[in-house]
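Trainee: Got a structure for you, written out below as structure tokens; questions coming shortly.
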Amino acid sequence: PRMILLSDYQPPDWRVEALELRFELDPEDTRVHSRLRVRRRDGSAPGAPLRLHGRDLQRLSIAVNGAEPSPGSCVEDREGLLLSGLPDAAEIAIETRIRPDANTALEGLYVSGGSLCTQCEPEGFRRITYFPDRPDVLTRYRVRLEADAARYPVLLANGNRVDAGSLPEGRHYAVWEDPFPKPSYLFALVAGDLACIADRFTTRSGREVALEIYVEHHNRERCAHALASLQRAMRYDEEAFGREYDLDVYMIVAVDDFNMGAMENKGLNLFNAKYVLASPDTATDDDYVHIESVIAHEYFHNWSGNRVTCRDWFQLSLKEGLTVFRDQEFTTDCTLFGVKRVDDVQRLRAFQFPEDAGPLAHPVRPDRYAEINNFYTMTVYEKGAELIRMLRTLIGRDAFRRGLDRYFQRFDGQAVTTDDFVAVMAEVSGRDLAQFQRWYTQAGTPQVTARTRFDAQAGVLQLDLAQRTPPTPGQHEKDLLQVPIRVALLGRDGRRLSARLGGAPEAAEWVLELTAGEQSFQLRGLREPPAAVSWLRGFSAPVLLEAGQGTDELAHLVANDDDAFARWDAAQTLLRRAVIARVEDAVDPRLEAALTTAMAALLEDSAVEPVLLAALLELPAHRELMESFERADPVAVDQARRAVEHSLFAPLAERLAARAPERARWDDGAFTAEAMGQRRLLNRLLAVRVAAGGEGALEEAARQYHEARSQTLAMGALAAVNDRAEPVRGELLADFERRYRQDPLVLDKWFALEAASQVGDGFARLERLLEHPGFRWSNPNRVRAVLGPFMAQNHRHFHRVDGAGYERIAHYLERLDALNPQTAARLVIPLTRWRRLDEARSARMRASLEQLAGKGLSKDLADVVERGLA
Ligand code: BAL
Ligand code: ZN
């Protein structure tokens, strides 16, 4: 495949001064009339042609300054049109024809339900009309939409509606103008028969903003949470980041068929319906939290993404890393507090670390790609957010905030780079961030080792740190990074000890800046030996830290650490060790007994918040555990994980039951931290009791399911029994399917549970799911709900040793690829992990991937498959 290289970047030769679009909308035959005013940029190469990207378009006409260009000056190639011999300024008029109803890739203009809608990021606009479809070409849009008035009463585009009216033959029109210049990836339109749920927001400077959420009529009762989330996000962005909204209207449209979670188009966000619709009986607390955070994320993009955008797609993390950071801050401060960091690190370790350690590893700012669709990754998003957080740790909160203000002010209306961002942070802080920049250009998760030595006589604790980043594809040699490691020391009484780092005044927490390969730090003035070192507090850097701490030291942290993340992480380290020991057939009874004692103490400790307790009782995810081994048998890892869970909690059955919050009291679906924490604990305790084989646990699960008013508790009960062979599993799942078979988003939860279950004949069940009347290959949510959990959780079937699971998935992905390459390319990722499996499975998984590679795949899927095999 042709590689796009960052080093080939050239600024555009042409500016687009204004764009007028007129759409004659029709699912089978949409006409797009485009009028661009272009001007040669100062300093561009003399005579440089104008590149207009275009894909799958039927060109009906083109005129340059009113005349048809000669065939030699208007050449169509794989990329689109190349116009040469233009004067320095020109008006180009193009008419194209497209077929939204034939667009199953869901990029460009397509049909979802009864609506017409768009997805343009990153390169969808070129499927709508010929245009310089690159993020550094910004222009003002004026958009006229024309459509059948009965079928499409609602006509939306970016900006403000400046005109509307009726047309002959039952058609009508609306004209939208967006006063802010934007790149084409932020364009959007919607035409449909939709309900509008409206409210208002007054910005801090007094601007009145109309807030409008558009959904299918039967969903109008499920928008309150999304609307309230938007209002909270708008207020938060003003208070925490000083960012205010800039248009008179902010619209969100929920769409059933959507490749991504949502899209931040200027003033007109399009959302996967999954991230809009919620009511306590249909959505779990996790859904509520996700909706709030995606709504906030897209809203925050209005500044970090739209007002200041990316120069090219290598800079994707400029907007995504920063915006994820911003939405994480929001959720931390407004909704989840301390446990948000735990949840985010769990996700990072389970998804981003494996990505960074596998064949698809790439830097946060990649320097090459074959298909940009495949770079909307955990690395660009979540690791990118970690880099922003590290910057804040290194330069301090005040400088960081000043840096953000300066960044938004200086680059408003421009398309810039991650280098620009870091340069501003260096400028405001006066710090040299050259070494820090390597985090953007170097892939792989750094490994940090830490050891301590206490000199009792001198009262000095020496901390010896070392770093190393393993090679990744295409990057064999790694540079040293600047790694902020936040630490504290706990005394025997569990309280933090004070000491001095270098010449700094006495403190009880320090940030060690590791910059060398090996480096030592001294904490002075200690009057007693520390009982435990609390490492990497708040997960201050996205590294794998190995501190060689013993069981007693870790147990002390589990019992006492005042940093929620570090406390949880100490428990994770112990639990991980227990599972690894079992995988290696070396059960460690002392370790498991110590864990049981630690868990028993936590269950008795009323000072531990319910939500944190729930997290502390959780074992590391299977995906994360797999990373602990060079190669592993995934079924054995799953079994070891279950065995540890059983052995740990079986002796605690009574305490687990006794600690359960009062179910009826908390089963109200209230979106408060306290209520969600109590429900999370209820569900976790139930799961543990079932896993431990506690008496009456299955009956309790059935009771919880049947009595549940909130979807959170219903799902908790189903998840607890989903891998149990007893009849109760089948009964509850069948009941759920009957209840929700008409409700696709809720039915997805059932699809996911059925696909994930390891009991019975998982292959036959998978076939039945794919033939279920609620399943559609053309809907990404359905496909992901079935194939995703099958691969991620159904180890017994997906990883069947004869390779039948891999073959089946490869076969389905080939089928999906013909419809939706982007979703197929995402779902194939588990098949690229063959190097980490035991030899028998490894060979079979690789064979399936090779078979797939020979099938004439889309560019999206071929790119991932080829990198997976390389
Ligand atoms: N820009 C694509 C969707 C998102 O990250 O918000
Ligand atoms: Zn985003």
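We label chains A, B, ... in the order they appear in the structure tokens, count residues from 1 in each chain, and number ligands from 1 in the order shown.
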Step by step, measure atom-to-atom distances between ligand 1 and each residue using only C-alpha atoms and all ligand atoms, keep those at most 7 Å, then write them as a list in words.
Mentor: Glu121, Met260, Gly261, Ala262, Met263, Glu264, His297, Glu298 and Glu320 of chain A
Trainee: Convert the current residue selection to file output with N, CA and C atoms, as a tab-separated table (two decimals), in the first residue's frame.
Mentor:
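The resulting file, result04.tsv, is shown below:
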chain	number	residue	atom	x	y	z
A	121	GLU	N	-15.08	13.07	9.05
A	121	GLU	CA	-13.72	12.86	9.55
A	121	GLU	C	-13.33	11.41	9.36
A	260	MET	N	-18.24	5.61	14.54
A	260	MET	CA	-17.52	6.06	15.73
A	260	MET	C	-18.51	6.21	16.89
A	261	GLY	N	-18.02	6.81	17.99
A	261	GLY	CA	-18.90	7.12	19.12
A	261	GLY	C	-19.73	8.35	18.81
A	262	ALA	N	-19.06	9.36	18.27
A	262	ALA	CA	-19.74	10.61	17.96
A	262	ALA	C	-18.78	11.48	17.15
A	263	MET	N	-19.29	12.62	16.68
A	263	MET	CA	-18.45	13.48	15.84
A	263	MET	C	-18.74	14.94	16.11
A	264	GLU	N	-17.65	15.68	16.24
A	264	GLU	CA	-17.73	17.05	16.75
A	264	GLU	C	-17.99	18.12	15.71
A	297	HIS	N	-16.92	15.42	25.64
A	297	HIS	CA	-15.79	15.33	24.72
A	297	HIS	C	-16.08	16.09	23.42
A	298	GLU	N	-17.22	15.80	22.83
A	298	GLU	CA	-17.54	16.47	21.55
A	298	GLU	C	-17.71	17.96	21.77
A	320	GLU	N	-7.23	15.14	19.79
A	320	GLU	CA	-7.84	14.01	20.50
A	320	GLU	C	-7.23	13.80	21.88
Trainee: To test your reading of the structure, identify every residue in stretch 797-849 of chain A that backbone DSSP assigns to alpha helix (DSSP H), and report it as JSON, numbers by chain.
Mentor: {"A": [797, 798, 804, 805, 806, 807, 808, 809, 810, 811, 812, 813, 814, 815, 816, 817, 818, 819, 821, 822, 823, 824, 825, 826, 827, 839, 840, 841, 842, 843, 844, 845, 846, 847, 848, 849]}
Trainee: Find the residues near A:Arg680: any atom within 8 Å, counting only C-alpha atoms, skip ones fewer than 5 places away on the same chain, and give them as a list in words.
Mentor: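 In the requested form, the answer reads Pro610, Val611 and Ala614 of chain A.
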Trainee: Restricting the output to N, CA and C atoms, write the selected residues as a compact mmCIF listing (two decimals), in the first residue's frame.
Mentor:
# COMPACT_ATOMS: atom_id res chain seq x y z
N PRO A 610 -17.62 2.91 48.96
CA PRO A 610 -18.14 1.75 48.20
C PRO A 610 -17.56 1.62 46.80
N VAL A 611 -17.45 2.75 46.09
CA VAL A 611 -16.99 2.65 44.70
C VAL A 611 -15.54 2.19 44.64
N ALA A 614 -15.39 -1.53 45.46
CA ALA A 614 -15.75 -2.34 44.30
C ALA A 614 -14.53 -2.51 43.39
Trainee: List the neighbours of A:Asp748 out to 8 Å using only C-alpha atoms; skip same-chain residues closer than 6 positions along the sequence, and give me the result as a PyMOL selection string.
Mentor: chain A and resi 781-782+785-786
Trainee: Can you list, as a compact mmCIF listing (two decimals) with N, CA and C atoms, in the first residue's frame, every residue of stretch 30-189 of chain A that DSSP puts in strand (DSSP E)?
Mentor:
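Okay, out_34.txt is ready:
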# COMPACT_ATOMS: atom_id res chain seq x y z
N THR A 30 -28.63 11.93 -5.05
CA THR A 30 -28.41 13.26 -4.48
C THR A 30 -27.48 14.05 -5.40
N ARG A 31 -27.89 15.28 -5.69
CA ARG A 31 -27.04 16.16 -6.51
C ARG A 31 -26.36 17.16 -5.59
N VAL A 32 -25.07 17.29 -5.76
CA VAL A 32 -24.31 18.23 -4.95
C VAL A 32 -23.74 19.30 -5.88
N HIS A 33 -24.17 20.52 -5.68
CA HIS A 33 -23.66 21.64 -6.47
C HIS A 33 -22.69 22.39 -5.58
N SER A 34 -21.47 22.48 -6.02
CA SER A 34 -20.43 23.09 -5.19
C SER A 34 -19.80 24.26 -5.93
N ARG A 35 -19.61 25.35 -5.22
CA ARG A 35 -19.00 26.53 -5.83
C ARG A 35 -17.88 26.99 -4.91
N LEU A 36 -16.64 26.87 -5.35
CA LEU A 36 -15.49 27.24 -4.52
C LEU A 36 -14.81 28.48 -5.11
N ARG A 37 -14.52 29.42 -4.24
CA ARG A 37 -13.66 30.52 -4.67
C ARG A 37 -12.26 30.23 -4.18
N VAL A 38 -11.34 30.03 -5.10
CA VAL A 38 -9.99 29.63 -4.70
C VAL A 38 -8.98 30.72 -5.08
N ARG A 39 -7.91 30.79 -4.32
CA ARG A 39 -6.85 31.76 -4.62
C ARG A 39 -5.50 31.11 -4.32
N ARG A 40 -4.59 31.36 -5.23
CA ARG A 40 -3.25 30.81 -5.05
C ARG A 40 -2.62 31.44 -3.80
N LEU A 50 -4.19 22.64 -8.68
CA LEU A 50 -5.11 22.56 -7.53
C LEU A 50 -5.60 21.12 -7.41
N ARG A 51 -5.35 20.54 -6.25
CA ARG A 51 -5.82 19.16 -6.01
C ARG A 51 -7.19 19.20 -5.36
N LEU A 52 -8.15 18.57 -6.00
CA LEU A 52 -9.47 18.38 -5.39
C LEU A 52 -9.65 16.87 -5.17
N HIS A 53 -9.77 16.48 -3.90
CA HIS A 53 -9.96 15.05 -3.64
C HIS A 53 -11.39 14.64 -3.98
N GLN A 58 -19.85 10.67 -9.00
CA GLN A 58 -20.14 10.77 -10.43
C GLN A 58 -20.15 12.26 -10.78
N ARG A 59 -19.16 12.67 -11.56
CA ARG A 59 -19.05 14.09 -11.89
C ARG A 59 -19.96 14.40 -13.06
N LEU A 60 -20.87 15.36 -12.87
CA LEU A 60 -21.81 15.71 -13.93
C LEU A 60 -21.33 16.91 -14.72
N SER A 61 -20.68 17.85 -13.99
CA SER A 61 -20.16 19.01 -14.73
C SER A 61 -19.10 19.71 -13.90
N ILE A 62 -18.25 20.43 -14.60
CA ILE A 62 -17.27 21.27 -13.91
C ILE A 62 -17.04 22.51 -14.76
N ALA A 63 -16.93 23.65 -14.09
CA ALA A 63 -16.63 24.89 -14.82
C ALA A 63 -15.63 25.70 -14.01
N VAL A 64 -14.68 26.28 -14.69
CA VAL A 64 -13.71 27.17 -14.06
C VAL A 64 -13.98 28.57 -14.61
N CYS A 74 -7.74 19.32 -16.65
CA CYS A 74 -8.61 18.76 -15.60
C CYS A 74 -8.51 17.24 -15.68
N VAL A 75 -7.64 16.69 -14.86
CA VAL A 75 -7.33 15.26 -14.97
C VAL A 75 -7.89 14.51 -13.77
N GLU A 76 -8.60 13.45 -14.01
CA GLU A 76 -9.12 12.61 -12.92
C GLU A 76 -8.12 11.47 -12.67
N ASP A 77 -7.72 11.29 -11.40
CA ASP A 77 -6.84 10.17 -11.06
C ASP A 77 -7.38 9.48 -9.80
N GLY A 80 -8.64 11.93 -7.13
CA GLY A 80 -9.70 12.88 -7.44
C GLY A 80 -9.35 13.66 -8.69
N LEU A 81 -9.47 14.99 -8.60
CA LEU A 81 -9.22 15.84 -9.76
C LEU A 81 -7.97 16.67 -9.55
N LEU A 82 -7.25 16.89 -10.63
CA LEU A 82 -6.10 17.77 -10.59
C LEU A 82 -6.32 18.85 -11.65
N LEU A 83 -6.44 20.10 -11.19
CA LEU A 83 -6.71 21.21 -12.12
C LEU A 83 -5.43 22.01 -12.30
N ALA A 89 -6.65 33.43 -9.17
CA ALA A 89 -7.91 33.36 -8.44
C ALA A 89 -8.96 32.81 -9.40
N ALA A 90 -9.82 31.95 -8.88
CA ALA A 90 -10.80 31.34 -9.79
C ALA A 90 -12.03 30.93 -9.02
N GLU A 91 -13.14 30.80 -9.75
CA GLU A 91 -14.33 30.22 -9.16
C GLU A 91 -14.59 28.90 -9.87
N ILE A 92 -14.73 27.88 -9.07
CA ILE A 92 -14.91 26.55 -9.65
C ILE A 92 -16.29 26.05 -9.28
N ALA A 93 -17.05 25.63 -10.26
CA ALA A 93 -18.39 25.11 -9.99
C ALA A 93 -18.42 23.65 -10.43
N ILE A 94 -18.87 22.79 -9.54
CA ILE A 94 -18.88 21.35 -9.84
C ILE A 94 -20.23 20.77 -9.44
N GLU A 95 -20.76 19.94 -10.31
CA GLU A 95 -21.96 19.20 -9.92
C GLU A 95 -21.63 17.72 -9.89
N THR A 96 -21.97 17.08 -8.77
CA THR A 96 -21.73 15.64 -8.67
C THR A 96 -23.01 14.94 -8.26
N ARG A 97 -23.01 13.64 -8.52
CA ARG A 97 -24.16 12.81 -8.14
C ARG A 97 -23.64 11.74 -7.20
N ILE A 98 -24.35 11.53 -6.11
CA ILE A 98 -23.99 10.43 -5.20
C ILE A 98 -25.24 9.65 -4.80
N GLY A 108 -19.01 9.79 4.52
CA GLY A 108 -19.64 10.65 3.52
C GLY A 108 -21.11 10.81 3.85
N LEU A 109 -21.95 10.90 2.82
CA LEU A 109 -23.40 11.06 3.03
C LEU A 109 -24.07 9.69 2.92
N TYR A 110 -24.85 9.32 3.94
CA TYR A 110 -25.46 7.99 3.91
C TYR A 110 -26.83 8.01 4.57
N VAL A 111 -27.48 6.87 4.52
CA VAL A 111 -28.82 6.74 5.08
C VAL A 111 -28.74 5.97 6.39
N SER A 112 -29.37 6.50 7.44
CA SER A 112 -29.52 5.73 8.67
C SER A 112 -30.96 5.86 9.12
N SER A 115 -33.27 8.77 7.98
CA SER A 115 -32.59 10.05 7.82
C SER A 115 -31.41 9.96 6.86
N LEU A 116 -31.05 11.12 6.35
CA LEU A 116 -29.79 11.25 5.62
C LEU A 116 -28.82 11.96 6.56
N CYS A 117 -27.60 11.46 6.63
CA CYS A 117 -26.64 12.10 7.53
C CYS A 117 -25.23 11.93 6.99
N THR A 118 -24.26 12.58 7.63
CA THR A 118 -22.89 12.56 7.12
C THR A 118 -21.90 12.16 8.21
N GLN A 119 -20.78 11.64 7.77
CA GLN A 119 -19.60 11.50 8.63
C GLN A 119 -18.41 11.85 7.74
N THR A 139 -12.26 27.03 5.40
CA THR A 139 -13.03 28.04 4.68
C THR A 139 -14.41 28.21 5.31
N ARG A 140 -15.11 29.27 4.88
CA ARG A 140 -16.48 29.50 5.36
C ARG A 140 -17.46 28.76 4.45
N TYR A 141 -18.44 28.15 5.06
CA TYR A 141 -19.42 27.36 4.32
C TYR A 141 -20.79 28.04 4.33
N ARG A 142 -21.41 28.06 3.16
CA ARG A 142 -22.83 28.40 3.08
C ARG A 142 -23.49 27.20 2.42
N VAL A 143 -24.49 26.64 3.07
CA VAL A 143 -25.03 25.34 2.64
C VAL A 143 -26.54 25.44 2.48
N ARG A 144 -27.01 25.09 1.30
CA ARG A 144 -28.45 25.07 1.06
C ARG A 144 -28.87 23.61 0.88
N LEU A 145 -29.85 23.22 1.69
CA LEU A 145 -30.36 21.85 1.62
C LEU A 145 -31.76 21.88 1.04
N GLU A 146 -32.02 21.02 0.09
CA GLU A 146 -33.36 20.90 -0.49
C GLU A 146 -33.79 19.44 -0.41
N ALA A 147 -35.01 19.21 0.03
CA ALA A 147 -35.47 17.82 0.16
C ALA A 147 -36.98 17.77 0.20
N ASP A 148 -37.50 16.56 0.11
CA ASP A 148 -38.93 16.34 0.24
C ASP A 148 -39.37 16.76 1.66
N VAL A 154 -36.93 17.98 8.83
CA VAL A 154 -35.83 18.65 9.53
C VAL A 154 -34.61 18.69 8.61
N LEU A 155 -34.08 19.89 8.37
CA LEU A 155 -32.89 20.05 7.52
C LEU A 155 -31.83 20.82 8.31
N LEU A 156 -30.71 20.18 8.60
CA LEU A 156 -29.70 20.80 9.47
C LEU A 156 -28.32 20.80 8.81
N ALA A 157 -27.58 21.86 9.08
CA ALA A 157 -26.16 21.88 8.72
C ALA A 157 -25.43 22.74 9.76
N ASN A 160 -25.51 28.72 11.66
CA ASN A 160 -26.82 29.30 11.94
C ASN A 160 -27.71 29.17 10.72
N ARG A 161 -29.00 28.92 10.98
CA ARG A 161 -29.95 28.84 9.86
C ARG A 161 -30.33 30.26 9.47
N VAL A 162 -30.09 30.60 8.23
CA VAL A 162 -30.34 31.99 7.81
C VAL A 162 -31.53 32.12 6.89
N ASP A 163 -32.06 31.00 6.41
CA ASP A 163 -33.21 31.09 5.51
C ASP A 163 -33.85 29.71 5.44
N ALA A 164 -35.15 29.70 5.15
CA ALA A 164 -35.86 28.43 4.93
C ALA A 164 -37.15 28.75 4.21
N GLY A 165 -37.69 27.77 3.51
CA GLY A 165 -38.94 28.03 2.80
C GLY A 165 -39.35 26.81 2.02
N SER A 166 -40.48 26.95 1.33
CA SER A 166 -40.96 25.79 0.57
C SER A 166 -40.64 25.95 -0.90
N LEU A 167 -40.68 24.80 -1.56
CA LEU A 167 -40.35 24.71 -2.99
C LEU A 167 -41.49 23.97 -3.67
N ARG A 171 -41.44 19.98 -1.95
CA ARG A 171 -40.07 20.06 -1.41
C ARG A 171 -39.90 21.34 -0.60
N HIS A 172 -38.85 21.37 0.21
CA HIS A 172 -38.55 22.60 0.95
C HIS A 172 -37.03 22.76 1.04
N TYR A 173 -36.62 23.89 1.60
CA TYR A 173 -35.18 24.14 1.68
C TYR A 173 -34.83 24.85 2.98
N ALA A 174 -33.57 24.76 3.34
CA ALA A 174 -33.03 25.54 4.46
C ALA A 174 -31.63 25.96 4.07
N VAL A 175 -31.23 27.14 4.50
CA VAL A 175 -29.87 27.63 4.22
C VAL A 175 -29.15 27.85 5.54
N TRP A 176 -27.95 27.31 5.61
CA TRP A 176 -27.14 27.42 6.84
C TRP A 176 -25.82 28.10 6.51
N GLU A 177 -25.43 28.98 7.42
CA GLU A 177 -24.13 29.63 7.28
C GLU A 177 -23.32 29.42 8.54
N ASP A 178 -22.10 29.02 8.34
CA ASP A 178 -21.20 28.86 9.49
C ASP A 178 -20.19 29.99 9.44
N PRO A 179 -20.23 30.91 10.40
CA PRO A 179 -19.32 32.06 10.34
C PRO A 179 -17.86 31.69 10.60
N PHE A 180 -17.62 30.51 11.16
CA PHE A 180 -16.23 30.12 11.48
C PHE A 180 -15.63 29.30 10.35
N PRO A 181 -14.48 29.73 9.86
CA PRO A 181 -13.82 28.91 8.84
C PRO A 181 -13.51 27.54 9.42
N LYS A 182 -13.73 26.51 8.63
CA LYS A 182 -13.47 25.16 9.14
C LYS A 182 -12.94 24.27 8.04
N LEU A 189 -24.30 17.48 7.61
CA LEU A 189 -25.70 17.79 7.32
C LEU A 189 -26.56 16.64 7.80
Trainee: List as an MDAnalysis selection string the protein and nucleic acid residues near stretch 232-247 of chain A, meaning an atom at most 10 Å away when only C-alpha atoms are counted, but skip any in the same chain fewer than 6 places from it.
Mentor: chainID A and resid 158:160 178:180 201:205 207:210 226 266:267 292:293 295:300 302:304 307 326:327 329:331 333:334 401:402 404:405 408
Trainee: For the residues in that selection, give me C-alpha atoms as a PDB file, in the first residue's frame.
Mentor:
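Final output, again.pdb:
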ATOM      1  CA  ASN A 158     -23.364  23.686  10.561  1.00  0.00           C
ATOM      2  CA  GLY A 159     -23.692  27.166  11.959  1.00  0.00           C
ATOM      3  CA  ASN A 160     -26.822  29.305  11.936  1.00  0.00           C
ATOM      4  CA  ASP A 178     -21.202  28.861   9.491  1.00  0.00           C
ATOM      5  CA  PRO A 179     -19.318  32.061  10.342  1.00  0.00           C
ATOM      6  CA  PHE A 180     -16.234  30.125  11.485  1.00  0.00           C
ATOM      7  CA  PHE A 201     -27.746  27.820  27.938  1.00  0.00           C
ATOM      8  CA  THR A 202     -26.535  31.273  28.831  1.00  0.00           C
ATOM      9  CA  THR A 203     -22.791  31.635  28.519  1.00  0.00           C
ATOM     10  CA  ARG A 204     -20.840  33.560  31.133  1.00  0.00           C
ATOM     11  CA  SER A 205     -20.644  36.564  28.842  1.00  0.00           C
ATOM     12  CA  ARG A 207     -24.752  34.756  24.967  1.00  0.00           C
ATOM     13  CA  GLU A 208     -28.033  32.856  24.717  1.00  0.00           C
ATOM     14  CA  VAL A 209     -27.481  29.485  23.110  1.00  0.00           C
ATOM     15  CA  ALA A 210     -30.294  27.236  21.905  1.00  0.00           C
ATOM     16  CA  ALA A 226     -27.739  13.977  27.359  1.00  0.00           C
ATOM     17  CA  LYS A 266     -19.084  22.537  14.161  1.00  0.00           C
ATOM     18  CA  GLY A 267     -22.372  23.337  15.908  1.00  0.00           C
ATOM     19  CA  GLU A 292     -21.945  12.292  29.768  1.00  0.00           C
ATOM     20  CA  SER A 293     -18.292  11.978  28.872  1.00  0.00           C
ATOM     21  CA  ILE A 295     -21.220  14.611  25.103  1.00  0.00           C
ATOM     22  CA  ALA A 296     -18.574  16.567  26.992  1.00  0.00           C
ATOM     23  CA  HIS A 297     -15.785  15.329  24.717  1.00  0.00           C
ATOM     24  CA  GLU A 298     -17.536  16.465  21.551  1.00  0.00           C
ATOM     25  CA  TYR A 299     -18.470  19.758  23.150  1.00  0.00           C
ATOM     26  CA  PHE A 300     -14.897  20.366  24.317  1.00  0.00           C
ATOM     27  CA  ASN A 302     -15.359  23.109  19.880  1.00  0.00           C
ATOM     28  CA  TRP A 303     -12.155  24.701  21.121  1.00  0.00           C
ATOM     29  CA  SER A 304      -9.668  21.820  21.108  1.00  0.00           C
ATOM     30  CA  ARG A 307     -11.324  26.594  16.750  1.00  0.00           C
ATOM     31  CA  ARG A 326     -10.308  17.570  29.072  1.00  0.00           C
ATOM     32  CA  ASP A 327     -13.191  15.096  29.233  1.00  0.00           C
ATOM     33  CA  GLU A 329     -10.902  16.111  33.984  1.00  0.00           C
ATOM     34  CA  PHE A 330     -14.601  16.844  33.644  1.00  0.00           C
ATOM     35  CA  THR A 331     -15.681  13.352  34.657  1.00  0.00           C
ATOM     36  CA  ASP A 333     -14.382  16.693  38.916  1.00  0.00           C
ATOM     37  CA  CYS A 334     -18.102  16.325  38.286  1.00  0.00           C
ATOM     38  CA  ARG A 401      -3.462  26.666  32.465  1.00  0.00           C
ATOM     39  CA  ARG A 402      -1.624  29.744  31.190  1.00  0.00           C
ATOM     40  CA  LEU A 404      -3.647  26.416  27.373  1.00  0.00           C
ATOM     41  CA  ASP A 405      -4.959  29.987  27.289  1.00  0.00           C
ATOM     42  CA  PHE A 408      -6.073  28.832  22.189  1.00  0.00           C
TER      43      PHE A 408
END
Trainee: So that I can see what lies close to A:Trp535, please list as a compact mmCIF listing (two decimals) with C-alpha atoms, in the first residue's frame the residues with an atom at most 6 Å from it, counting only C-alpha atoms and leaving out residues fewer than 2 positions away in the same chain.
Mentor:
# COMPACT_ATOMS: atom_id res chain seq x y z
CA VAL A 487 5.86 9.11 45.11
CA VAL A 533 6.65 3.34 49.13
CA ARG A 537 0.67 8.04 42.53
Trainee: Tell me which of A:Val294, A:Ala228, A:Ala102, A:Ala18 sits closest to ligand 2, counting only C-alpha atoms and all ligand atoms.
Mentor: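 Ranked by minimum distance to ligand 2, first place goes to A:Val294.
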Trainee: Let me make sure I understand: among A:Pro446, A:Pro153, A:Gly114, A:Gly321, which one has the smallest atom-to-atom distance to ligand 2 if we use only C-alpha atoms and all ligand atoms?
Mentor: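 Answer, going by the shortest atom-to-atom distance: A:Gly321.
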Trainee: Restricting the calculation to only C-alpha atoms, which member of A:Leu138, A:Ala792, A:Leu86, A:Ala499 is positioned closest to A:Ala350?
Mentor: A:Ala792
